[in-house]
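J.: Take a look at work.cif, mmCIF, N, CA and C atoms:
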```cif
data_target
#
loop_
_atom_site.label_atom_id
_atom_site.label_comp_id
_atom_site.auth_asym_id
_atom_site.auth_seq_id
_atom_site.Cartn_x
_atom_site.Cartn_y
_atom_site.Cartn_z
N MET W 1 41.14 31.65 21.48
CA MET W 1 41.94 32.85 21.30
C MET W 1 43.35 32.44 20.93
N ILE W 2 43.99 33.21 20.10
CA ILE W 2 45.27 32.82 19.52
C ILE W 2 46.46 33.08 20.45
N GLY W 3 46.50 34.20 21.12
CA GLY W 3 47.63 34.52 21.99
C GLY W 3 48.84 34.94 21.18
N THR W 4 50.00 34.37 21.49
CA THR W 4 51.23 34.77 20.82
C THR W 4 51.50 33.97 19.55
N TYR W 5 50.68 32.99 19.28
CA TYR W 5 50.85 32.16 18.09
C TYR W 5 50.58 32.98 16.83
N ALA W 6 51.47 32.90 15.87
CA ALA W 6 51.29 33.63 14.61
C ALA W 6 50.53 32.74 13.62
N MET W 7 49.30 33.11 13.34
CA MET W 7 48.47 32.33 12.44
C MET W 7 48.82 32.65 10.99
N THR W 8 48.83 31.61 10.16
CA THR W 8 49.09 31.84 8.74
C THR W 8 47.79 32.20 8.03
N LYS W 9 47.94 32.74 6.85
CA LYS W 9 46.79 33.10 6.02
C LYS W 9 45.95 31.86 5.73
N ALA W 10 46.60 30.76 5.40
CA ALA W 10 45.88 29.52 5.08
C ALA W 10 45.10 29.00 6.30
N GLU W 11 45.72 29.06 7.48
CA GLU W 11 45.03 28.62 8.69
C GLU W 11 43.81 29.49 8.97
N LEU W 12 43.98 30.79 8.82
CA LEU W 12 42.86 31.69 9.05
C LEU W 12 41.74 31.44 8.05
N GLN W 13 42.09 31.22 6.80
CA GLN W 13 41.05 30.96 5.79
C GLN W 13 40.31 29.66 6.11
N GLN W 14 40.98 28.67 6.65
CA GLN W 14 40.31 27.44 7.04
C GLN W 14 39.32 27.70 8.18
N ILE W 15 39.69 28.55 9.13
CA ILE W 15 38.79 28.92 10.22
C ILE W 15 37.58 29.66 9.67
N ILE W 16 37.83 30.60 8.77
CA ILE W 16 36.74 31.37 8.15
C ILE W 16 35.79 30.43 7.42
N LEU W 17 36.34 29.53 6.62
CA LEU W 17 35.50 28.61 5.86
C LEU W 17 34.72 27.68 6.78
N ALA W 18 35.33 27.25 7.88
CA ALA W 18 34.62 26.41 8.84
C ALA W 18 33.44 27.17 9.45
N GLN W 19 33.66 28.44 9.78
CA GLN W 19 32.57 29.25 10.33
C GLN W 19 31.46 29.45 9.30
N LEU W 20 31.84 29.68 8.06
CA LEU W 20 30.84 29.84 7.00
C LEU W 20 30.09 28.53 6.77
N ARG W 21 30.77 27.41 6.85
CA ARG W 21 30.13 26.10 6.68
C ARG W 21 29.06 25.90 7.75
N GLY W 22 29.36 26.34 8.97
CA GLY W 22 28.38 26.24 10.05
C GLY W 22 27.18 27.14 9.82
N LEU W 23 27.42 28.27 9.21
CA LEU W 23 26.36 29.25 8.95
C LEU W 23 25.50 28.85 7.75
N ALA W 24 26.13 28.35 6.72
CA ALA W 24 25.43 28.02 5.48
C ALA W 24 25.84 26.61 5.03
N PRO W 25 25.38 25.58 5.75
CA PRO W 25 25.83 24.22 5.44
C PRO W 25 25.44 23.74 4.04
N GLU W 26 24.41 24.34 3.47
CA GLU W 26 23.97 23.94 2.14
C GLU W 26 24.78 24.60 1.03
N ALA W 27 25.55 25.61 1.38
CA ALA W 27 26.33 26.35 0.38
C ALA W 27 27.54 25.54 -0.06
N ASP W 28 27.89 25.68 -1.32
CA ASP W 28 29.10 25.04 -1.84
C ASP W 28 30.25 26.03 -1.70
N LEU W 29 31.05 25.84 -0.67
CA LEU W 29 32.15 26.78 -0.41
C LEU W 29 33.22 26.70 -1.48
N GLY W 30 33.19 25.65 -2.29
CA GLY W 30 34.11 25.55 -3.41
C GLY W 30 33.85 26.62 -4.46
N ASP W 31 32.63 27.18 -4.43
CA ASP W 31 32.27 28.25 -5.37
C ASP W 31 32.78 29.61 -4.92
N LEU W 32 33.22 29.72 -3.67
CA LEU W 32 33.64 31.00 -3.11
C LEU W 32 35.10 31.27 -3.46
N ARG W 33 35.31 32.18 -4.40
CA ARG W 33 36.67 32.56 -4.78
C ARG W 33 37.13 33.73 -3.91
N PRO W 34 38.43 34.00 -3.84
CA PRO W 34 38.96 35.01 -2.92
C PRO W 34 38.33 36.39 -3.04
N HIS W 35 37.91 36.80 -4.23
CA HIS W 35 37.40 38.16 -4.39
C HIS W 35 35.89 38.21 -4.62
N ASP W 36 35.20 37.09 -4.40
CA ASP W 36 33.74 37.07 -4.48
C ASP W 36 33.14 37.67 -3.22
N ASP W 37 32.02 38.33 -3.37
CA ASP W 37 31.28 38.83 -2.21
C ASP W 37 30.72 37.62 -1.45
N ILE W 38 31.08 37.51 -0.18
CA ILE W 38 30.68 36.36 0.62
C ILE W 38 29.16 36.25 0.72
N ARG W 39 28.51 37.35 1.09
CA ARG W 39 27.05 37.32 1.28
C ARG W 39 26.34 36.98 -0.01
N GLU W 40 26.78 37.58 -1.09
CA GLU W 40 26.13 37.35 -2.38
C GLU W 40 26.34 35.92 -2.87
N THR W 41 27.57 35.45 -2.83
CA THR W 41 27.90 34.12 -3.33
C THR W 41 27.21 33.02 -2.53
N LEU W 42 27.19 33.18 -1.21
CA LEU W 42 26.60 32.15 -0.36
C LEU W 42 25.13 32.41 -0.04
N GLU W 43 24.61 33.52 -0.54
CA GLU W 43 23.21 33.89 -0.34
C GLU W 43 22.84 33.93 1.14
N ILE W 44 23.62 34.70 1.91
CA ILE W 44 23.30 34.87 3.33
C ILE W 44 22.91 36.32 3.57
N ASP W 45 22.00 36.53 4.50
CA ASP W 45 21.52 37.88 4.77
C ASP W 45 22.43 38.60 5.77
N SER W 46 22.15 39.85 6.01
CA SER W 46 23.01 40.66 6.85
C SER W 46 23.04 40.16 8.30
N PHE W 47 21.92 39.64 8.78
CA PHE W 47 21.88 39.11 10.14
C PHE W 47 22.79 37.89 10.27
N ASP W 48 22.73 36.99 9.29
CA ASP W 48 23.60 35.82 9.30
C ASP W 48 25.07 36.22 9.17
N PHE W 49 25.33 37.24 8.36
CA PHE W 49 26.71 37.71 8.21
C PHE W 49 27.22 38.27 9.53
N LEU W 50 26.37 39.01 10.24
CA LEU W 50 26.74 39.53 11.55
C LEU W 50 27.04 38.39 12.51
N ASN W 51 26.20 37.37 12.52
CA ASN W 51 26.44 36.21 13.39
C ASN W 51 27.75 35.51 13.03
N PHE W 52 28.05 35.45 11.74
CA PHE W 52 29.32 34.88 11.28
C PHE W 52 30.50 35.69 11.84
N LEU W 53 30.42 37.02 11.76
CA LEU W 53 31.51 37.86 12.26
C LEU W 53 31.67 37.73 13.77
N ILE W 54 30.56 37.57 14.49
CA ILE W 54 30.61 37.36 15.94
C ILE W 54 31.29 36.03 16.25
N ALA W 55 30.91 34.98 15.53
CA ALA W 55 31.52 33.66 15.75
C ALA W 55 33.01 33.70 15.41
N LEU W 56 33.36 34.41 14.35
CA LEU W 56 34.77 34.52 13.97
C LEU W 56 35.55 35.27 15.05
N ASN W 57 34.95 36.31 15.62
CA ASN W 57 35.59 37.06 16.71
C ASN W 57 35.86 36.13 17.89
N LYS W 58 34.90 35.28 18.23
CA LYS W 58 35.09 34.35 19.35
C LYS W 58 36.22 33.37 19.05
N GLU W 59 36.35 32.99 17.80
CA GLU W 59 37.36 32.01 17.40
C GLU W 59 38.77 32.61 17.36
N VAL W 60 38.91 33.81 16.82
CA VAL W 60 40.26 34.37 16.62
C VAL W 60 40.54 35.62 17.45
N GLY W 61 39.51 36.19 18.07
CA GLY W 61 39.73 37.34 18.94
C GLY W 61 39.84 38.68 18.23
N VAL W 62 39.33 38.76 17.01
CA VAL W 62 39.36 40.02 16.28
C VAL W 62 37.93 40.46 16.00
N GLU W 63 37.57 41.62 16.53
CA GLU W 63 36.23 42.15 16.32
C GLU W 63 36.23 43.04 15.07
N VAL W 64 35.18 42.90 14.28
CA VAL W 64 35.00 43.76 13.10
C VAL W 64 33.88 44.73 13.45
N PRO W 65 34.20 46.01 13.67
CA PRO W 65 33.15 46.97 13.98
C PRO W 65 32.24 47.22 12.77
N GLU W 66 31.02 47.64 13.05
CA GLU W 66 30.03 47.84 11.98
C GLU W 66 30.54 48.75 10.88
N LYS W 67 31.31 49.76 11.24
CA LYS W 67 31.82 50.70 10.23
C LYS W 67 32.76 50.02 9.22
N ASP W 68 33.29 48.84 9.58
CA ASP W 68 34.22 48.13 8.71
C ASP W 68 33.59 46.96 7.94
N TYR W 69 32.29 46.74 8.08
CA TYR W 69 31.65 45.61 7.41
C TYR W 69 31.90 45.63 5.90
N GLY W 70 31.89 46.80 5.30
CA GLY W 70 32.13 46.92 3.87
C GLY W 70 33.55 46.54 3.46
N LYS W 71 34.46 46.59 4.42
CA LYS W 71 35.86 46.25 4.14
C LYS W 71 36.13 44.76 4.18
N VAL W 72 35.16 43.97 4.65
CA VAL W 72 35.38 42.54 4.83
C VAL W 72 34.37 41.70 4.06
N SER W 73 33.99 42.17 2.90
CA SER W 73 32.93 41.50 2.15
C SER W 73 33.41 40.31 1.33
N THR W 74 34.73 40.19 1.14
CA THR W 74 35.27 39.05 0.38
C THR W 74 36.18 38.22 1.29
N LEU W 75 36.44 36.99 0.89
CA LEU W 75 37.32 36.12 1.66
C LEU W 75 38.71 36.73 1.76
N GLU W 76 39.22 37.26 0.67
CA GLU W 76 40.55 37.87 0.67
C GLU W 76 40.60 39.10 1.59
N ALA W 77 39.60 39.96 1.48
CA ALA W 77 39.57 41.18 2.30
C ALA W 77 39.43 40.83 3.78
N LEU W 78 38.56 39.89 4.10
CA LEU W 78 38.36 39.50 5.49
C LEU W 78 39.63 38.88 6.06
N THR W 79 40.28 38.04 5.30
CA THR W 79 41.52 37.41 5.75
C THR W 79 42.59 38.47 6.03
N SER W 80 42.77 39.39 5.11
CA SER W 80 43.77 40.46 5.29
C SER W 80 43.43 41.33 6.50
N TYR W 81 42.15 41.67 6.65
CA TYR W 81 41.68 42.51 7.76
C TYR W 81 42.02 41.85 9.09
N VAL W 82 41.66 40.58 9.23
CA VAL W 82 41.87 39.88 10.49
C VAL W 82 43.37 39.67 10.76
N LEU W 83 44.11 39.24 9.76
CA LEU W 83 45.55 39.03 9.96
C LEU W 83 46.25 40.31 10.42
N ALA W 84 45.84 41.45 9.91
CA ALA W 84 46.46 42.72 10.28
C ALA W 84 46.16 43.09 11.74
N ARG W 85 45.15 42.45 12.34
CA ARG W 85 44.75 42.81 13.70
C ARG W 85 45.04 41.71 14.73
N LEU W 86 45.64 40.63 14.30
CA LEU W 86 45.98 39.56 15.25
C LEU W 86 47.18 39.94 16.11
#
```
Please rewrite the model in this file as structure tokens.
T.:
Amino acid sequence: MIGTYAMTKAELQQIILAQLRGLAPEADLGDLRPHDDIRETLEIDSFDFLNFLIALNKEVGVEVPEKDYGKVSTLEALTSYVLARL
């Protein structure tokens, strides 16, 4: 959990990429551009994406409710969403 520490966008993206690497170790994260759909680009299903969001919540303390899943489909959108709620 982060606490009072102000995380930078770059630090958060590294955490996100590390979580994605754990979820899809065979995926080339170098192919994931900021506005690409994460699930589509990395070929992960909705269950794996949910597990990724749960793991990210444990790491940074920001929960993404189901109603907001569509708002966090890209690396850029997810980063902005989480940073706004830290």
J.: Calculated over only N, CA and C atoms, which of the candidates W:Thr79, W:Phe49, W:Ser73, W:Leu56 has the smallest distance to Leu12 (chain W)?
T.: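 Among W:Thr79, W:Phe49, W:Ser73, W:Leu56, it is W:Thr79 that comes nearest to Leu12 (chain W).
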J.: If we count all atoms listed in the file, what is near Asp36 (chain W) at a cut-off of 6.5 Å, once residues fewer than 6 positions away on the same chain are taken out, given as a list in words?
T.: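 Result of the neighbour search: Ser73, Thr74, Leu75 and Glu76 of chain W.
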J.: Quick check on the file I pasted: which residues fall under the PyMOL selection byres (((chain W and resi 25-35 and name CA) around 12) and name CA)? Write them as an MDAnalysis selection string.
T.: chainID W and resid 10 13:14 16:24 36:44 71:80
J.: If you run DSSP on this backbone, which residues of chain W come out as alpha helix (DSSP H), and could you give them as a ChimeraX atom specification?
T.: /W:9-23,38-42,46-60,75-85
J.: Can you work out the spacing between CA of Leu83 (chain W) and CA of Asn51 (chain W) in Å, to one decimal?
T.: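 If I compute the distance from CA of Leu83 (chain W) to CA of Asn51 (chain W), I get 19.6 Å.
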J.: With distances taken over all atoms listed in the file, which of W:Asp68, W:Thr8, W:Ser46, W:Val62 is nearest to Arg85 (chain W)?
T.: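 Nearest candidate to Arg85 (chain W) out of W:Asp68, W:Thr8, W:Ser46, W:Val62: W:Val62.
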J.: Could you work out how far atom C of Glu63 (chain W) lies from atom N of Ala84 (chain W), giving the answer in Å with one decimal?
T.: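 Going from atom N of Ala84 (chain W) over to atom C of Glu63 (chain W) covers 11.0 Å.
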J.: I'd like the interatomic distance between atom N of Met7 (chain W) and CA of Leu50 (chain W), to a tenth of an Å.
T.: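 About the pair atom N of Met7 (chain W) and CA of Leu50 (chain W): they are 23.5 Å apart.
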J.: Please output region 17-33 of chain W, rebuilt to include N, CA, C and O atoms, as a compact mmCIF listing (two decimals), keeping the file's coordinate frame.
T.:
```txt
# COMPACT_ATOMS: atom_id res chain seq x y z
N LEU W 17 36.34 29.53 6.62
CA LEU W 17 35.50 28.61 5.86
C LEU W 17 34.72 27.68 6.78
O LEU W 17 33.56 27.36 6.52
N ALA W 18 35.33 27.25 7.88
CA ALA W 18 34.62 26.41 8.84
C ALA W 18 33.44 27.17 9.45
O ALA W 18 32.35 26.60 9.62
N GLN W 19 33.66 28.44 9.78
CA GLN W 19 32.57 29.25 10.33
C GLN W 19 31.46 29.45 9.30
O GLN W 19 30.28 29.39 9.63
N LEU W 20 31.84 29.68 8.06
CA LEU W 20 30.84 29.84 7.00
C LEU W 20 30.09 28.53 6.77
O LEU W 20 28.88 28.55 6.52
N ARG W 21 30.77 27.41 6.85
CA ARG W 21 30.13 26.10 6.68
C ARG W 21 29.06 25.90 7.75
O ARG W 21 28.00 25.36 7.48
N GLY W 22 29.36 26.34 8.97
CA GLY W 22 28.38 26.24 10.05
C GLY W 22 27.18 27.14 9.82
O GLY W 22 26.06 26.81 10.19
N LEU W 23 27.42 28.27 9.21
CA LEU W 23 26.36 29.25 8.95
C LEU W 23 25.50 28.85 7.75
O LEU W 23 24.29 29.01 7.77
N ALA W 24 26.13 28.35 6.72
CA ALA W 24 25.43 28.02 5.48
C ALA W 24 25.84 26.61 5.03
O ALA W 24 26.57 26.46 4.05
N PRO W 25 25.38 25.58 5.75
CA PRO W 25 25.83 24.22 5.44
C PRO W 25 25.44 23.74 4.04
O PRO W 25 26.11 22.88 3.48
N GLU W 26 24.41 24.34 3.47
CA GLU W 26 23.97 23.94 2.14
C GLU W 26 24.78 24.60 1.03
O GLU W 26 24.73 24.19 -0.12
N ALA W 27 25.55 25.61 1.38
CA ALA W 27 26.33 26.35 0.38
C ALA W 27 27.54 25.54 -0.06
O ALA W 27 28.14 24.81 0.73
N ASP W 28 27.89 25.68 -1.32
CA ASP W 28 29.10 25.04 -1.84
C ASP W 28 30.25 26.03 -1.70
O ASP W 28 30.40 26.95 -2.50
N LEU W 29 31.05 25.84 -0.67
CA LEU W 29 32.15 26.78 -0.41
C LEU W 29 33.22 26.70 -1.48
O LEU W 29 34.05 27.60 -1.60
N GLY W 30 33.19 25.65 -2.29
CA GLY W 30 34.11 25.55 -3.41
C GLY W 30 33.85 26.62 -4.46
O GLY W 30 34.71 26.96 -5.26
N ASP W 31 32.63 27.18 -4.43
CA ASP W 31 32.27 28.25 -5.37
C ASP W 31 32.78 29.61 -4.92
O ASP W 31 32.75 30.57 -5.69
N LEU W 32 33.22 29.72 -3.67
CA LEU W 32 33.64 31.00 -3.11
C LEU W 32 35.10 31.27 -3.46
O LEU W 32 36.01 30.65 -2.92
N ARG W 33 35.31 32.18 -4.40
CA ARG W 33 36.67 32.56 -4.78
C ARG W 33 37.13 33.73 -3.91
O ARG W 33 36.32 34.41 -3.30
```
